[in-house]
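Asker: Once you've had a glance at the structure underneath, I'll fire off some questions.
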Amino acid sequence: MELRHYLQFSDFTPNEYEYLFARTRWIKDKFKRYEPYQPLADRTLAMVFEKHSTRTRVSFEAGMNQLGGSVITLMTRDTQMGRGEPIEDVARVISRMVDIIMIRTYEQSIIERFSAHSRVPVINGLTNEYHPCQIMGDIFTYTEHRGSIKGKTVAWIGDSNNVCNTWLQAAKIFGFSVHVSTPPGYEVESGRSDTGDTGHFETFADPLDAARGADLVTTDVWTSMGMEAEDAERKHDFEDWQVDAEMMRVANEDALFMHCLPAHRGEEVTAEVIDGPQSVVWDEAENRLHVQKALIEFLLIGRTIV
């Protein structure tokens, strides 16, 4: 098999995502019926964490175990990486001992350097710039509830962070639009939209205008990991960018609400919304498990007709 990595959402084609979502549905159905599916009984996943994690760690570890494989978890502070061993050397060594690697780190350049020297597939579990596995799970969740996302409108309210950047990549691949509303000074970085003149990306000064007519409203915490020193300033700057009942009312009647979690009720979203009938955040969180199992299977054994 050709060595493939999954470092950002644009690494796969629409056809490959169609296949991955079909596999996800099949794998999830097996899981729900308590039917074992363990094609990776002799494979090992190494997980490398520079950032704290709950959902990423549990979903990858549980997923690999459910596929019959084993998992090794490495926290950089407990390894030679924490003492300055070059990332290239780490990649050369670890990739000779395991079959696939997931990394949750800071700059995208770190995972790119690692993958350039790895002999096995590398998956981006999160970087400062992108969060592709999250958006795989989000889009799969949308299709479960509402069908195809093609031609729909996603409203992103809040910080233009890694999740926002990944939604912008996904819009071009799946043919939907993203309405982004951020406070002044927190706009999408130049070059991140990657949408050219295709009309998949529009910015709004007023978050209500961004949500108007949207099929999906989504957000994230105001202060991401590594930005804790900015917390007080961000709470002030983002106070008008809270997803609340009024915002969901101006969206389409059957609009969904998503959040990648963890959520801070009373900040980026009200309890009324995240715990309300339009919220699918718990399905969204679970589906990380299933799309990642399909992803691991695809990277290790390719397409299967099972």
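Chain labels A, B, ... are given in the sequence in which chains occur in the structure tokens; within each chain residues are numbered consecutively from 1, and ligands are likewise numbered from 1 in the order shown.
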Residues near region 119-123 of chain A, anyone? I mean within 10 Å using only C-alpha atoms, not counting same-chain ones fewer than 6 positions away, as number ranges by chain.

Answerer: A: 2-8, 45-47, 91-104, 111-112, 132-133, 292, 295-296, 299-300

Asker: So which bits of region 46-177 of chain A end up helix (DSSP H, G or I) when you DSSP the backbone, as a ChimeraX atom specification?

Answerer: /A:55-66,76-78,80-83,87-94,108-116,132-146,162-174

Asker: So how many Å separate CA of Pro207 (chain A) and CA of Gly137 (chain A), to one decimal?

Answerer: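 Distance between the two atoms: 24.3 Å.
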
Asker: Could you tell me, as a ChimeraX atom specification, which residues of region 107-245 of chain A DSSP assigns to strand (DSSP E or B) when given the backbone?

Answerer: /A:122-126,153-157,177-181,201-203,216-219,243

Asker: Skip Tyr106 (chain A) itself and residues of its chain fewer than 5 positions away, then list as a PyMOL selection string all residues within 8 Å of it, counting only C-alpha atoms.

Answerer: chain A and resi 50-51+126-128

Asker: With only C-alpha atoms as the basis for distance, which of A:Arg288, A:Arg77, A:Arg303, A:His264 is at the shortest distance from Arg57 (chain A)?

Answerer: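 Looking only at the distances to Arg57 (chain A), the closest residue turns out to be A:Arg288.
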
Asker: Name the residues in contact with Ser279 (chain A) at a cut-off of 12 Å, using only C-alpha atoms, excluding same-chain residues fewer than 5 positions from it; report them as a list in words.

Answerer: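 Using only C-alpha atoms, the neighbours found are Thr141, Tyr142, His145, Leu216, Val217, Thr218, Thr219, Val243, Asp244, Ala245, Met248, Asp254, Ala255, Leu256, Phe257, Met258, His259, Cys260, Val269, Thr270, Ala271, Glu272, Val273, Ile274, Glu284 and Ala285 of chain A.
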
Asker: Please save C-alpha atoms of the selected residues as a compact mmCIF listing (two decimals), in the first residue's frame.

Answerer:
```txt
# COMPACT_ATOMS: atom_id res chain seq x y z
CA THR A 141 -23.23 13.54 12.35
CA TYR A 142 -24.96 16.10 10.14
CA HIS A 145 -29.59 13.70 11.11
CA LEU A 216 -25.98 24.20 11.24
CA VAL A 217 -24.73 26.59 13.92
CA THR A 218 -21.46 25.69 15.59
CA THR A 219 -18.91 27.24 17.90
CA VAL A 243 -24.82 31.19 20.65
CA ASP A 244 -28.19 31.63 22.34
CA ALA A 245 -31.87 30.94 21.64
CA MET A 248 -30.95 29.59 16.80
CA ASP A 254 -34.55 22.49 11.55
CA ALA A 255 -31.02 23.80 12.13
CA LEU A 256 -28.69 21.75 14.31
CA PHE A 257 -26.25 22.97 16.95
CA MET A 258 -22.78 21.50 17.35
CA HIS A 259 -19.81 22.09 19.65
CA CYS A 260 -16.56 20.11 19.63
CA VAL A 269 -23.15 28.93 24.30
CA THR A 270 -26.12 29.04 26.65
CA ALA A 271 -27.28 25.95 28.51
CA GLU A 272 -30.65 26.37 26.80
CA VAL A 273 -29.04 25.74 23.40
CA ILE A 274 -26.43 23.06 24.14
CA GLU A 284 -21.16 14.40 17.52
CA ALA A 285 -18.80 13.35 20.32
```

Asker: Could you list, as a list in words, every residue within 7 Å of Gly158 (chain A), counting only C-alpha atoms and ignoring same-chain residues fewer than 2 positions away?

Answerer: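 The filter keeps Trp156, Ser160, Ser181, Thr182, Thr219, Asp220, Trp222, Phe238 and Trp241 of chain A.
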
Asker: Can you spit out the residues from that selection as an mmCIF file, in the first residue's frame, using N, CA and C atoms?

Answerer:
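Written output follows (out.cif):
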```
data_model
loop_
_atom_site.group_PDB
_atom_site.id
_atom_site.type_symbol
_atom_site.label_atom_id
_atom_site.label_comp_id
_atom_site.auth_asym_id
_atom_site.auth_seq_id
_atom_site.Cartn_x
_atom_site.Cartn_y
_atom_site.Cartn_z
ATOM 1 N N TRP A 156 -20.365 29.592 11.600
ATOM 2 C CA TRP A 156 -19.333 29.477 12.635
ATOM 3 C C TRP A 156 -19.331 30.779 13.430
ATOM 4 N N SER A 160 -11.767 32.249 15.223
ATOM 5 C CA SER A 160 -11.376 31.584 13.963
ATOM 6 C C SER A 160 -10.204 30.655 14.256
ATOM 7 N N SER A 181 -18.456 34.507 11.712
ATOM 8 C CA SER A 181 -18.531 35.776 12.426
ATOM 9 C C SER A 181 -17.614 35.711 13.634
ATOM 10 N N THR A 182 -16.642 36.600 13.676
ATOM 11 C CA THR A 182 -15.689 36.686 14.782
ATOM 12 C C THR A 182 -15.632 38.126 15.284
ATOM 13 N N THR A 219 -19.829 26.327 17.234
ATOM 14 C CA THR A 219 -18.905 27.241 17.905
ATOM 15 C C THR A 219 -17.881 26.430 18.684
ATOM 16 N N ASP A 220 -17.017 27.125 19.402
ATOM 17 C CA ASP A 220 -15.998 26.495 20.244
ATOM 18 C C ASP A 220 -15.718 27.434 21.407
ATOM 19 N N TRP A 222 -14.040 30.142 23.828
ATOM 20 C CA TRP A 222 -13.435 31.423 23.497
ATOM 21 C C TRP A 222 -11.924 31.419 23.710
ATOM 22 N N PHE A 238 -15.441 38.645 23.298
ATOM 23 C CA PHE A 238 -16.364 37.694 22.678
ATOM 24 C C PHE A 238 -17.772 37.725 23.275
ATOM 25 N N TRP A 241 -20.706 37.246 21.110
ATOM 26 C CA TRP A 241 -20.622 36.111 20.173
ATOM 27 C C TRP A 241 -21.025 34.807 20.874
#
```

Asker: Just checking: using only C-alpha atoms, which residue out of A:Leu168, A:Ala214, A:Ile157, A:Leu208 ends up closest to Arg192 (chain A)?

Answerer: A:Leu168
